[in-house]
>>> print(open('structure.pdb').read())   # PDB, C-alpha atoms
ATOM      1  CA  MET A   1       0.000   0.000   0.000
ATOM      2  CA  ARG A   2       2.835   2.359   0.873
ATOM      3  CA  ARG A   3       4.444   1.696  -2.540
ATOM      4  CA  ILE A   4       1.144   2.425  -4.327
ATOM      5  CA  ALA A   5       0.796   5.665  -2.367
ATOM      6  CA  LEU A   6       4.313   6.715  -3.352
ATOM      7  CA  VAL A   7       3.608   5.956  -7.022
ATOM      8  CA  LEU A   8       0.378   7.944  -6.896
ATOM      9  CA  ALA A   9       2.132  10.842  -5.192
ATOM     10  CA  SER A  10       4.903  10.828  -7.795
ATOM     11  CA  THR A  11       2.349  10.715 -10.612
ATOM     12  CA  CYS A  12       0.405  13.647  -9.131
ATOM     13  CA  ALA A  13       3.602  15.645  -8.708
ATOM     14  CA  LEU A  14       4.588  14.971 -12.302
ATOM     15  CA  PHE A  15       1.112  16.040 -13.513
ATOM     16  CA  ALA A  16       1.339  19.248 -11.513
ATOM     17  CA  THR A  17       4.731  19.996 -13.032
ATOM     18  CA  VAL A  18       3.471  19.438 -16.563
ATOM     19  CA  ALA A  19       0.051  21.072 -16.227
ATOM     20  CA  ALA A  20       0.950  24.269 -14.377
ATOM     21  CA  PRO A  21       3.040  27.264 -15.460
ATOM     22  CA  ALA A  22       6.031  28.405 -13.444
ATOM     23  CA  HIS A  23       3.971  31.081 -11.674
ATOM     24  CA  ALA A  24       1.095  28.757 -10.687
ATOM     25  CA  GLY A  25       1.891  29.207  -7.013
ATOM     26  CA  SER A  26       1.175  32.933  -7.211
ATOM     27  CA  ASN A  27      -2.195  34.659  -7.300
ATOM     28  CA  VAL A  28      -2.588  35.202 -11.035
ATOM     29  CA  ASP A  29      -5.678  37.381 -10.695
ATOM     30  CA  GLU A  30      -3.847  39.770  -8.366
ATOM     31  CA  ARG A  31      -0.946  40.035 -10.801
ATOM     32  CA  LEU A  32      -3.363  40.786 -13.630
ATOM     33  CA  GLU A  33      -5.086  43.413 -11.460
ATOM     34  CA  ALA A  34      -1.698  45.122 -11.149
ATOM     35  CA  VAL A  35      -1.456  45.248 -14.938
ATOM     36  CA  LEU A  36      -5.029  46.506 -15.160
ATOM     37  CA  ALA A  37      -4.105  49.365 -12.811
ATOM     38  CA  LYS A  38      -1.674  50.632 -15.445
ATOM     39  CA  THR A  39      -4.547  51.163 -17.910
ATOM     40  CA  SER A  40      -7.508  53.543 -18.146
ATOM     41  CA  GLY A  41     -11.004  53.247 -19.604
ATOM     42  CA  ARG A  42     -12.751  49.973 -20.416
ATOM     43  CA  SER A  43     -10.138  47.280 -20.047
ATOM     44  CA  ALA A  44      -9.750  43.520 -19.799
ATOM     45  CA  VAL A  45      -6.756  41.341 -18.975
ATOM     46  CA  VAL A  46      -6.625  37.574 -19.390
ATOM     47  CA  ALA A  47      -4.047  34.832 -18.845
ATOM     48  CA  LEU A  48      -4.328  31.569 -20.764
ATOM     49  CA  TYR A  49      -2.176  28.478 -20.328
ATOM     50  CA  ARG A  50      -2.437  25.384 -22.529
ATOM     51  CA  GLY A  51      -5.840  26.414 -23.777
ATOM     52  CA  ARG A  52      -7.299  27.169 -20.350
ATOM     53  CA  VAL A  53      -8.007  30.605 -18.859
ATOM     54  CA  ILE A  54      -6.099  30.768 -15.557
ATOM     55  CA  GLY A  55      -6.734  34.393 -14.578
ATOM     56  CA  THR A  56      -8.726  37.493 -15.470
ATOM     57  CA  ALA A  57      -9.151  41.113 -14.484
ATOM     58  CA  GLY A  58     -11.382  43.841 -15.886
ATOM     59  CA  ARG A  59     -12.794  47.337 -15.635
ATOM     60  CA  ASP A  60     -16.258  47.758 -17.177
ATOM     61  CA  ALA A  61     -15.344  44.736 -19.324
ATOM     62  CA  ASP A  62     -14.487  41.057 -18.994
ATOM     63  CA  LEU A  63     -12.624  38.436 -21.004
ATOM     64  CA  TYR A  64     -15.559  38.140 -23.456
ATOM     65  CA  THR A  65     -16.104  41.885 -24.082
ATOM     66  CA  PRO A  66     -15.255  42.964 -27.654
ATOM     67  CA  LEU A  67     -12.581  45.681 -27.479
ATOM     68  CA  HIS A  68     -10.353  47.386 -30.041
ATOM     69  CA  LEU A  69      -7.060  45.644 -30.772
ATOM     70  CA  ALA A  70      -5.290  48.549 -32.535
ATOM     71  CA  SER A  71      -2.114  47.118 -34.101
ATOM     72  CA  VAL A  72      -2.562  43.699 -32.520
ATOM     73  CA  SER A  73      -4.844  43.443 -35.576
ATOM     74  CA  LYS A  74      -1.681  42.961 -37.622
ATOM     75  CA  THR A  75      -1.159  39.511 -36.124
ATOM     76  CA  VAL A  76      -4.706  38.591 -37.158
ATOM     77  CA  THR A  77      -3.995  39.780 -40.705
ATOM     78  CA  ALA A  78      -0.617  38.025 -40.825
ATOM     79  CA  ALA A  79      -2.250  34.781 -39.669
ATOM     80  CA  ALA A  80      -4.757  35.036 -42.527
ATOM     81  CA  VAL A  81      -1.969  35.646 -45.056
ATOM     82  CA  MET A  82       0.050  32.714 -43.712
ATOM     83  CA  ARG A  83      -3.003  30.447 -43.995
ATOM     84  CA  LEU A  84      -3.393  31.488 -47.646
ATOM     85  CA  ALA A  85       0.308  30.843 -48.229
ATOM     86  CA  GLU A  86       0.110  27.400 -46.629
ATOM     87  CA  ARG A  87      -2.825  26.573 -48.918
ATOM     88  CA  GLY A  88      -0.782  27.637 -51.932
ATOM     89  CA  ASP A  89      -2.995  30.622 -52.772
ATOM     90  CA  ILE A  90      -0.121  33.041 -52.106
ATOM     91  CA  ASP A  91       3.618  32.724 -52.632
ATOM     92  CA  LEU A  92       5.308  34.849 -49.968
ATOM     93  CA  SER A  93       8.353  35.348 -52.200
ATOM     94  CA  ALA A  94       6.269  36.566 -55.158
ATOM     95  CA  PRO A  95       5.801  40.300 -55.840
ATOM     96  CA  ILE A  96       2.615  41.630 -54.277
ATOM     97  CA  GLY A  97       1.822  43.102 -57.681
ATOM     98  CA  ASP A  98       1.261  39.577 -59.003
ATOM     99  CA  TYR A  99      -1.920  39.471 -56.916
ATOM    100  CA  LEU A 100      -2.910  43.121 -57.222
ATOM    101  CA  ARG A 101      -2.208  43.757 -60.910
ATOM    102  CA  ARG A 102      -5.228  45.984 -61.514
ATOM    103  CA  PHE A 103      -4.621  47.796 -58.258
ATOM    104  CA  PHE A 104      -1.044  48.727 -59.185
ATOM    105  CA  ALA A 105      -1.699  49.178 -62.923
ATOM    106  CA  ALA A 106      -1.316  52.947 -62.686
ATOM    107  CA  GLY A 107       0.627  52.901 -59.456
ATOM    108  CA  ASN A 108       4.143  52.567 -58.176
ATOM    109  CA  ASP A 109       6.164  49.678 -59.642
ATOM    110  CA  GLU A 110       8.705  50.099 -56.842
ATOM    111  CA  ILE A 111       6.032  48.953 -54.402
ATOM    112  CA  ALA A 112       4.355  46.364 -56.642
ATOM    113  CA  ALA A 113       7.666  44.548 -57.265
ATOM    114  CA  GLN A 114       8.319  43.842 -53.577
ATOM    115  CA  PRO A 115       7.574  40.351 -52.206
ATOM    116  CA  VAL A 116       4.594  39.672 -49.977
ATOM    117  CA  ALA A 117       7.027  38.697 -47.201
ATOM    118  CA  ALA A 118       8.439  42.231 -47.160
ATOM    119  CA  PHE A 119       4.991  43.602 -46.317
ATOM    120  CA  LEU A 120       4.490  41.006 -43.564
ATOM    121  CA  ASN A 121       7.829  42.014 -42.036
ATOM    122  CA  HIS A 122       7.675  45.820 -42.505
ATOM    123  CA  ALA A 123      10.628  45.715 -44.853
ATOM    124  CA  THR A 124       9.262  47.623 -47.868
ATOM    125  CA  GLY A 125      10.616  51.077 -47.025
ATOM    126  CA  LEU A 126       7.072  52.481 -46.817
ATOM    127  CA  ARG A 127       6.258  54.827 -43.938
ATOM    128  CA  SER A 128       2.902  54.996 -42.140
ATOM    129  CA  ASN A 129       0.514  57.468 -43.749
ATOM    130  CA  ASN A 130      -2.741  56.618 -41.962
ATOM    131  CA  LEU A 131      -2.833  60.007 -40.219
ATOM    132  CA  ARG A 132      -2.451  61.734 -43.576
ATOM    133  CA  ALA A 133      -5.237  59.530 -44.918
ATOM    134  CA  VAL A 134      -7.569  60.738 -42.154
ATOM    135  CA  THR A 135      -6.634  64.409 -42.504
ATOM    136  CA  ASN A 136      -7.070  64.137 -46.280
ATOM    137  CA  GLY A 137     -10.650  63.055 -45.692
ATOM    138  CA  LEU A 138     -10.326  59.410 -46.735
ATOM    139  CA  THR A 139     -13.169  57.425 -45.229
ATOM    140  CA  THR A 140     -12.399  53.758 -45.977
ATOM    141  CA  TRP A 141      -9.457  51.395 -45.747
ATOM    142  CA  GLN A 142      -9.831  50.800 -49.488
ATOM    143  CA  LYS A 143      -9.073  54.470 -50.137
ATOM    144  CA  TYR A 144      -6.114  54.346 -47.767
ATOM    145  CA  ALA A 145      -4.818  51.248 -49.550
ATOM    146  CA  ALA A 146      -5.079  53.085 -52.873
ATOM    147  CA  GLN A 147      -3.109  55.973 -51.381
ATOM    148  CA  ALA A 148      -0.483  53.544 -50.050
ATOM    149  CA  GLY A 149      -0.217  51.867 -53.441
ATOM    150  CA  MET A 150       0.497  55.210 -55.073
ATOM    151  CA  GLY A 151       2.995  56.227 -52.384
ATOM    152  CA  ARG A 152       6.758  56.423 -52.329
ATOM    153  CA  VAL A 153       9.339  54.096 -50.842
ATOM    154  CA  ASN A 154      10.962  56.317 -48.221
ATOM    155  CA  ALA A 155      13.714  54.031 -46.937
ATOM    156  CA  THR A 156      15.922  51.230 -48.184
ATOM    157  CA  PRO A 157      13.806  48.145 -48.977
ATOM    158  CA  GLY A 158      14.801  45.125 -46.910
ATOM    159  CA  ARG A 159      15.320  47.095 -43.703
ATOM    160  CA  TYR A 160      12.806  47.095 -40.874
ATOM    161  CA  LEU A 161      10.522  50.155 -40.857
ATOM    162  CA  TYR A 162       7.194  49.708 -39.102
ATOM    163  CA  SER A 163       4.324  50.984 -41.249
ATOM    164  CA  ASN A 164       0.532  50.735 -41.361
ATOM    165  CA  ASP A 165       0.779  51.097 -45.140
ATOM    166  CA  ASN A 166       2.200  47.570 -45.354
ATOM    167  CA  TYR A 167      -0.737  45.977 -43.595
ATOM    168  CA  VAL A 168      -3.486  47.960 -45.286
ATOM    169  CA  LEU A 169      -2.039  46.644 -48.560
ATOM    170  CA  LEU A 170      -2.076  43.120 -47.098
ATOM    171  CA  THR A 171      -5.737  43.704 -46.249
ATOM    172  CA  LYS A 172      -6.308  44.402 -49.940
ATOM    173  CA  LEU A 173      -4.323  41.273 -50.810
ATOM    174  CA  VAL A 174      -6.524  39.025 -48.635
ATOM    175  CA  VAL A 175      -9.670  40.479 -50.190
ATOM    176  CA  GLU A 176      -8.409  40.045 -53.759
ATOM    177  CA  VAL A 177      -7.107  36.496 -53.298
ATOM    178  CA  THR A 178     -10.212  35.224 -51.470
ATOM    179  CA  ASP A 179     -12.732  37.371 -53.364
ATOM    180  CA  LYS A 180     -14.515  37.966 -50.053
ATOM    181  CA  PRO A 181     -14.958  40.913 -47.689
ATOM    182  CA  PHE A 182     -12.034  41.113 -45.293
ATOM    183  CA  SER A 183     -14.093  40.310 -42.181
ATOM    184  CA  VAL A 184     -15.571  37.242 -43.868
ATOM    185  CA  ALA A 185     -12.206  36.013 -45.142
ATOM    186  CA  VAL A 186     -10.535  36.419 -41.745
ATOM    187  CA  ARG A 187     -13.405  34.719 -39.974
ATOM    188  CA  GLN A 188     -13.060  31.683 -42.244
ATOM    189  CA  LEU A 189      -9.257  31.597 -42.292
ATOM    190  CA  VAL A 190      -8.488  32.415 -38.664
ATOM    191  CA  TRP A 191     -11.379  32.382 -36.203
ATOM    192  CA  GLU A 192     -13.594  29.503 -37.327
ATOM    193  CA  PRO A 193     -10.715  26.966 -37.300
ATOM    194  CA  LEU A 194     -10.102  27.982 -33.666
ATOM    195  CA  GLY A 195     -13.753  27.666 -32.704
ATOM    196  CA  VAL A 196     -14.117  31.239 -31.423
ATOM    197  CA  ASP A 197     -16.203  34.214 -32.503
ATOM    198  CA  GLY A 198     -13.195  36.422 -33.267
ATOM    199  CA  GLY A 199     -15.045  39.715 -33.514
ATOM    200  CA  ARG A 200     -15.130  42.013 -36.520
ATOM    201  CA  LEU A 201     -13.500  44.811 -38.459
ATOM    202  CA  ASP A 202     -14.599  48.205 -37.116
ATOM    203  CA  VAL A 203     -15.270  50.806 -39.817
ATOM    204  CA  THR A 204     -17.436  53.145 -37.746
ATOM    205  CA  THR A 205     -14.971  55.732 -36.409
ATOM    206  CA  ARG A 206     -12.531  58.123 -38.064
ATOM    207  CA  ALA A 207      -9.705  56.438 -36.201
ATOM    208  CA  THR A 208     -10.492  52.944 -37.492
ATOM    209  CA  GLN A 209     -12.281  53.312 -40.812
ATOM    210  CA  VAL A 210      -9.061  53.733 -42.812
ATOM    211  CA  LEU A 211      -6.974  51.101 -41.032
ATOM    212  CA  GLY A 212      -8.505  47.795 -42.117
ATOM    213  CA  GLY A 213      -6.323  44.862 -41.110
ATOM    214  CA  SER A 214      -3.533  47.158 -39.963
ATOM    215  CA  GLY A 215      -5.383  48.235 -36.820
ATOM    216  CA  ALA A 216      -9.191  48.176 -36.882
ATOM    217  CA  TRP A 217     -10.079  44.735 -35.525
ATOM    218  CA  VAL A 218     -12.400  44.360 -32.507
ATOM    219  CA  ALA A 219     -12.404  41.116 -30.497
ATOM    220  CA  SER A 220     -12.434  39.795 -26.942
ATOM    221  CA  ALA A 221      -9.276  39.336 -24.899
ATOM    222  CA  ARG A 222     -10.011  35.622 -24.621
ATOM    223  CA  ASP A 223     -10.309  35.135 -28.392
ATOM    224  CA  VAL A 224      -7.035  36.993 -28.936
ATOM    225  CA  ALA A 225      -5.359  34.774 -26.329
ATOM    226  CA  VAL A 226      -6.674  31.661 -28.108
ATOM    227  CA  LEU A 227      -5.171  32.934 -31.376
ATOM    228  CA  PHE A 228      -1.730  33.561 -29.893
ATOM    229  CA  ASP A 229      -1.772  30.161 -28.193
ATOM    230  CA  ALA A 230      -2.569  28.630 -31.590
ATOM    231  CA  LEU A 231       0.455  30.436 -33.050
ATOM    232  CA  ASN A 232       2.818  29.109 -30.385
ATOM    233  CA  PRO A 233       4.810  26.182 -31.830
ATOM    234  CA  ASP A 234       6.023  25.164 -28.368
ATOM    235  CA  SER A 235       2.664  24.620 -26.648
ATOM    236  CA  PRO A 236       0.225  21.709 -26.976
ATOM    237  CA  GLY A 237      -3.273  22.010 -28.337
ATOM    238  CA  PRO A 238      -4.872  23.070 -31.638
ATOM    239  CA  LYS A 239      -2.683  25.075 -34.006
ATOM    240  CA  LEU A 240      -3.673  27.387 -36.834
ATOM    241  CA  LEU A 241      -0.797  26.308 -39.072
ATOM    242  CA  SER A 242       1.163  23.114 -39.642
ATOM    243  CA  PRO A 243       4.462  22.770 -37.737
ATOM    244  CA  ARG A 244       6.460  23.718 -40.839
ATOM    245  CA  TRP A 245       4.450  26.886 -41.386
ATOM    246  CA  LEU A 246       4.464  27.814 -37.705
ATOM    247  CA  THR A 247       8.248  27.561 -37.809
ATOM    248  CA  ARG A 248       8.288  29.774 -40.882
ATOM    249  CA  MET A 249       6.050  32.364 -39.219
ATOM    250  CA  HIS A 250       8.495  32.622 -36.296
ATOM    251  CA  SER A 251      11.630  32.603 -38.463
ATOM    252  CA  ILE A 252      13.697  35.728 -39.069
ATOM    253  CA  ALA A 253      13.193  36.934 -42.620
ATOM    254  CA  TYR A 254      14.371  40.547 -42.334
ATOM    255  CA  ALA A 255      14.710  41.656 -38.689
ATOM    256  CA  ALA A 256      14.765  39.719 -35.417
ATOM    257  CA  GLU A 257      12.374  42.115 -33.688
ATOM    258  CA  TYR A 258       9.547  41.600 -36.196
ATOM    259  CA  ARG A 259       8.665  38.287 -37.837
ATOM    260  CA  ASN A 260       5.547  37.916 -39.980
ATOM    261  CA  GLY A 261       3.157  39.873 -37.770
ATOM    262  CA  LEU A 262       4.854  39.031 -34.465
ATOM    263  CA  ARG A 263       6.979  41.351 -32.324
ATOM    264  CA  PHE A 264       9.858  39.837 -30.329
ATOM    265  CA  ARG A 265      11.307  41.360 -27.145
ATOM    266  CA  GLY A 266      13.786  39.173 -25.261
ATOM    267  CA  ASP A 267      12.236  35.818 -24.363
ATOM    268  CA  ALA A 268       8.693  37.060 -25.054
ATOM    269  CA  TRP A 269       6.837  37.571 -28.310
ATOM    270  CA  GLY A 270       3.458  38.903 -29.349
ATOM    271  CA  HIS A 271       2.264  42.333 -30.487
ATOM    272  CA  THR A 272       1.391  45.772 -29.189
ATOM    273  CA  GLY A 273      -1.103  48.387 -30.305
ATOM    274  CA  SER A 274      -1.803  52.087 -29.774
ATOM    275  CA  LEU A 275      -4.536  54.081 -31.441
ATOM    276  CA  TYR A 276      -5.703  57.384 -29.999
ATOM    277  CA  ALA A 277      -7.448  56.189 -26.795
ATOM    278  CA  VAL A 278      -6.643  52.495 -27.289
ATOM    279  CA  ARG A 279      -3.766  50.552 -25.757
ATOM    280  CA  SER A 280      -3.304  46.818 -26.274
ATOM    281  CA  ALA A 281      -0.733  44.081 -25.890
ATOM    282  CA  ALA A 282      -0.604  40.326 -26.400
ATOM    283  CA  VAL A 283       2.379  38.430 -24.998
ATOM    284  CA  VAL A 284       3.511  34.800 -25.037
ATOM    285  CA  THR A 285       6.124  34.228 -22.343
ATOM    286  CA  LYS A 286       8.856  31.620 -22.093
ATOM    287  CA  SER A 287       6.587  29.456 -19.901
ATOM    288  CA  GLY A 288       4.034  29.302 -22.733
ATOM    289  CA  THR A 289       1.511  31.451 -20.870
ATOM    290  CA  VAL A 290      -0.437  33.857 -23.075
ATOM    291  CA  TYR A 291      -1.345  37.250 -21.623
ATOM    292  CA  VAL A 292      -3.610  39.754 -23.330
ATOM    293  CA  VAL A 293      -4.596  43.243 -22.205
ATOM    294  CA  LEU A 294      -7.056  45.324 -24.219
ATOM    295  CA  SER A 295      -7.783  48.844 -23.039
ATOM    296  CA  GLU A 296      -9.917  51.592 -24.518
ATOM    297  CA  GLY A 297      -8.143  54.357 -22.655
ATOM    298  CA  ALA A 298      -5.108  56.610 -23.144
ATOM    299  CA  ARG A 299      -3.034  55.269 -20.259
ATOM    300  CA  PRO A 300      -0.235  54.203 -20.323
ATOM    301  CA  SER A 301       1.294  56.564 -22.872
ATOM    302  CA  LYS A 302       2.936  53.652 -24.726
ATOM    303  CA  SER A 303       1.570  50.145 -25.179
ATOM    304  CA  GLU A 304       5.109  48.739 -24.943
ATOM    305  CA  ARG A 305       4.819  49.341 -21.193
ATOM    306  CA  LEU A 306       1.908  46.925 -21.098
ATOM    307  CA  PHE A 307       3.885  44.379 -23.127
ATOM    308  CA  ASP A 308       6.796  44.589 -20.696
ATOM    309  CA  ALA A 309       4.493  44.366 -17.669
ATOM    310  CA  LEU A 310       2.902  41.199 -19.040
ATOM    311  CA  ALA A 311       6.260  39.703 -20.042
ATOM    312  CA  ARG A 312       7.508  40.105 -16.459
ATOM    313  CA  LEU A 313       4.676  37.864 -15.233
ATOM    314  CA  GLY A 314       6.552  34.918 -16.761
TER     315      GLY A 314
END
>>> encode(input="structure.pdb", output="structure tokens")
Amino acid sequence: MRRIALVLASTCALFATVAAPAHAGSNVDERLEAVLAKTSGRSAVVALYRGRVIGTAGRDADLYTPLHLASVSKTVTAAAVMRLAERGDIDLSAPIGDYLRRFFAAGNDEIAAQPVAAFLNHATGLRSNNLRAVTNGLTTWQKYAAQAGMGRVNATPGRYLYSNDNYVLLTKLVVEVTDKPFSVAVRQLVWEPLGVDGGRLDVTTRATQVLGGSGAWVASARDVAVLFDALNPDSPGPKLLSPRWLTRMHSIAYAAEYRNGLRFRGDAWGHTGSLYAVRSAAVVTKSGTVYVVLSEGARPSKSERLFDALARLG
């Protein structure tokens, strides 16, 4: 009997080691409340480990409340593009103009000739012009994409230069390749395979109507956490891409700090977002825990502070 008890105890200890993250002994909710205190406005914070929510915090919102993602939307868009590439509908090394011939017919060949991968990795030399799009009175992401397609390459192609122009053009690419509205295409490519609602593209405000897949997605913190868990090649559970394509998504193509819609900072990766009174961050830590904070408020001044706060949770 004593031997059986020892075996059972060892088995339980092993299960606890496998099933729990490194910080399981701490009060996760309290740690998330500390992150929440750094934000303002409607906000939600969630921690997910191996497909299971292990902690939440919120202010006038919970883990299921649809909130603006700002530039965390770029990961959603990149995931859709990678799904199309895995299916063979897009060649990431092909010029984006191959898929948007009519769009670039009277446009800039310097942009059209660049590979799709350069847009995914902010390596086209295009600068962000979404603020100019708004001040010029553009009212849709389609008009902003047209402006971006007629723009100028401002820096050396191949070098990292973060730009909303890249991802509004990828929004156009997804629409053209699938022949579906962007929200419909993303729902079918990204959210339905994960079994979550996934939210929608917001085109109702001046701040979001021009951004498309570069920054206008609205979804719950839980759904975003499920997506990032599905993009983690080192965790168990359902994945959005095959192992080979997950490896490719995380591989360095142009710059170590940005890889196909994912930002990397030290041992953590994910994405950040800031848009007027929106601050957001999604982080996957070394332990495999996914943290997401979505806040419709202007504090903190930079969303990178939220990323770093989540990354420190381990």
>>> closest_atom_pairs(input="structure.pdb", of="segment 14-97 of chain A", to="segment 175-182 of chain A", cutoff="12 Å", atoms="only C-alpha atoms", output="Markdown table")
| residue | atom | partner | partner_atom | distance |
| --- | --- | --- | --- | --- |
| A:Val76 | CA | A:Phe182 | CA | 11.2 |
| A:Thr77 | CA | A:Phe182 | CA | 9.4 |
| A:Ala80 | CA | A:Phe182 | CA | 9.9 |
| A:Val81 | CA | A:Val177 | CA | 9.7 |
| A:Arg83 | CA | A:Thr178 | CA | 11.4 |
| A:Leu84 | CA | A:Val177 | CA | 8.4 |
| A:Ala85 | CA | A:Val177 | CA | 10.6 |
| A:Arg87 | CA | A:Thr178 | CA | 11.7 |
| A:Gly88 | CA | A:Val177 | CA | 11.0 |
| A:Asp89 | CA | A:Val177 | CA | 7.2 |
| A:Ile90 | CA | A:Val177 | CA | 7.9 |
| A:Asp91 | CA | A:Val177 | CA | 11.4 |
| A:Ile96 | CA | A:Val177 | CA | 11.0 |
| A:Gly97 | CA | A:Glu176 | CA | 11.4 |
>>> closest_residue(input="structure.pdb", among="A:Arg31, A:Lys143, A:Arg312, A:Lys38", to="Leu294 of chain A", atoms="all atoms listed in the file")
A:Lys38
>>> residues_around(input="structure.pdb", residues="segment 195-211 of chain A", least_positions_apart="2", cutoff="6 Å", atoms="all atoms listed in the file", output="PyMOL selection string")
chain A and resi 140-141+144+183+191-193+214-219+223
>>> resolve_selection(input="structure.pdb", expression="the PyMOL selection byres ((chain A and resi 63-75) around 7)", output="PyMOL selection string")
chain A and resi 44-46+56+61-62+76-79+167+199+213-222+261-262+271-275+278+280-281+294+296
>>> resolve_selection(input="structure.pdb", expression="the PyMOL selection byres ((chain A and resi 225-232) around 8)", output="VMD selection string")
chain A and resid 46 to 48 50 to 51 191 194 221 to 224 233 to 235 237 to 241 246 270 282 284 288 290 to 292
>>> write_last_selection(input="structure.pdb", atoms="C-alpha atoms", output="PDB file, in the coordinates of the input")
ATOM      1  CA  VAL A  46      -6.625  37.574 -19.390  1.00  0.00           C
ATOM      2  CA  ALA A  47      -4.047  34.832 -18.845  1.00  0.00           C
ATOM      3  CA  LEU A  48      -4.328  31.569 -20.764  1.00  0.00           C
ATOM      4  CA  ARG A  50      -2.437  25.384 -22.529  1.00  0.00           C
ATOM      5  CA  GLY A  51      -5.840  26.414 -23.777  1.00  0.00           C
ATOM      6  CA  TRP A 191     -11.379  32.382 -36.203  1.00  0.00           C
ATOM      7  CA  LEU A 194     -10.102  27.982 -33.666  1.00  0.00           C
ATOM      8  CA  ALA A 221      -9.276  39.336 -24.899  1.00  0.00           C
ATOM      9  CA  ARG A 222     -10.011  35.622 -24.621  1.00  0.00           C
ATOM     10  CA  ASP A 223     -10.309  35.135 -28.392  1.00  0.00           C
ATOM     11  CA  VAL A 224      -7.035  36.993 -28.936  1.00  0.00           C
ATOM     12  CA  PRO A 233       4.810  26.182 -31.830  1.00  0.00           C
ATOM     13  CA  ASP A 234       6.023  25.164 -28.368  1.00  0.00           C
ATOM     14  CA  SER A 235       2.664  24.620 -26.648  1.00  0.00           C
ATOM     15  CA  GLY A 237      -3.273  22.010 -28.337  1.00  0.00           C
ATOM     16  CA  PRO A 238      -4.872  23.070 -31.638  1.00  0.00           C
ATOM     17  CA  LYS A 239      -2.683  25.075 -34.006  1.00  0.00           C
ATOM     18  CA  LEU A 240      -3.673  27.387 -36.834  1.00  0.00           C
ATOM     19  CA  LEU A 241      -0.797  26.308 -39.072  1.00  0.00           C
ATOM     20  CA  LEU A 246       4.464  27.814 -37.705  1.00  0.00           C
ATOM     21  CA  GLY A 270       3.458  38.903 -29.349  1.00  0.00           C
ATOM     22  CA  ALA A 282      -0.604  40.326 -26.400  1.00  0.00           C
ATOM     23  CA  VAL A 284       3.511  34.800 -25.037  1.00  0.00           C
ATOM     24  CA  GLY A 288       4.034  29.302 -22.733  1.00  0.00           C
ATOM     25  CA  VAL A 290      -0.437  33.857 -23.075  1.00  0.00           C
ATOM     26  CA  TYR A 291      -1.345  37.250 -21.623  1.00  0.00           C
ATOM     27  CA  VAL A 292      -3.610  39.754 -23.330  1.00  0.00           C
TER      28      VAL A 292
END
>>> residues_around(input="structure.pdb", residues="Ala117 of chain A", least_positions_apart="5", cutoff="10 Å", atoms="all atoms listed in the file", output="list in words")
Ala78, Val81, Met82, Asp91, Leu92, Ser93, Ala94, Pro95, Ile96, His122, Ala123, Thr124, Ala253, Tyr254, Arg259 and Asn260 of chain A
>>> resolve_selection(input="structure.pdb", expression="the PyMOL selection byres ((chain A and resi 59) around 6)", output="PyMOL selection string")
chain A and resi 42-43+58+60-61
>>> closest_residue(input="structure.pdb", among="A:Ala256, A:Val190, A:Val293, A:Leu161", to="Leu306 of chain A", atoms="all atoms listed in the file")
A:Val293
>>> closest_residue(input="structure.pdb", among="A:Thr39, A:Gln114, A:Thr289, A:Asn130", to="Ser301 of chain A", atoms="only C-alpha atoms")
A:Thr39
>>> closest_residue(input="structure.pdb", among="A:Gly137, A:Asn129, A:Arg263, A:Gly151", to="His250 of chain A", atoms="all atoms listed in the file")
A:Arg263
>>> decode(input="structure.pdb", residues="segment 180-193 of chain A", atoms="C-alpha atoms", output="PDB file, in the first residue's frame")
ATOM      1  CA  LYS A 180     -14.515  37.966 -50.053  1.00  0.00           C
ATOM      2  CA  PRO A 181     -14.958  40.913 -47.689  1.00  0.00           C
ATOM      3  CA  PHE A 182     -12.034  41.113 -45.293  1.00  0.00           C
ATOM      4  CA  SER A 183     -14.093  40.310 -42.181  1.00  0.00           C
ATOM      5  CA  VAL A 184     -15.571  37.242 -43.868  1.00  0.00           C
ATOM      6  CA  ALA A 185     -12.206  36.013 -45.142  1.00  0.00           C
ATOM      7  CA  VAL A 186     -10.535  36.419 -41.745  1.00  0.00           C
ATOM      8  CA  ARG A 187     -13.405  34.719 -39.974  1.00  0.00           C
ATOM      9  CA  GLN A 188     -13.060  31.683 -42.244  1.00  0.00           C
ATOM     10  CA  LEU A 189      -9.257  31.597 -42.292  1.00  0.00           C
ATOM     11  CA  VAL A 190      -8.488  32.415 -38.664  1.00  0.00           C
ATOM     12  CA  TRP A 191     -11.379  32.382 -36.203  1.00  0.00           C
ATOM     13  CA  GLU A 192     -13.594  29.503 -37.327  1.00  0.00           C
ATOM     14  CA  PRO A 193     -10.715  26.966 -37.300  1.00  0.00           C
TER      15      PRO A 193
END
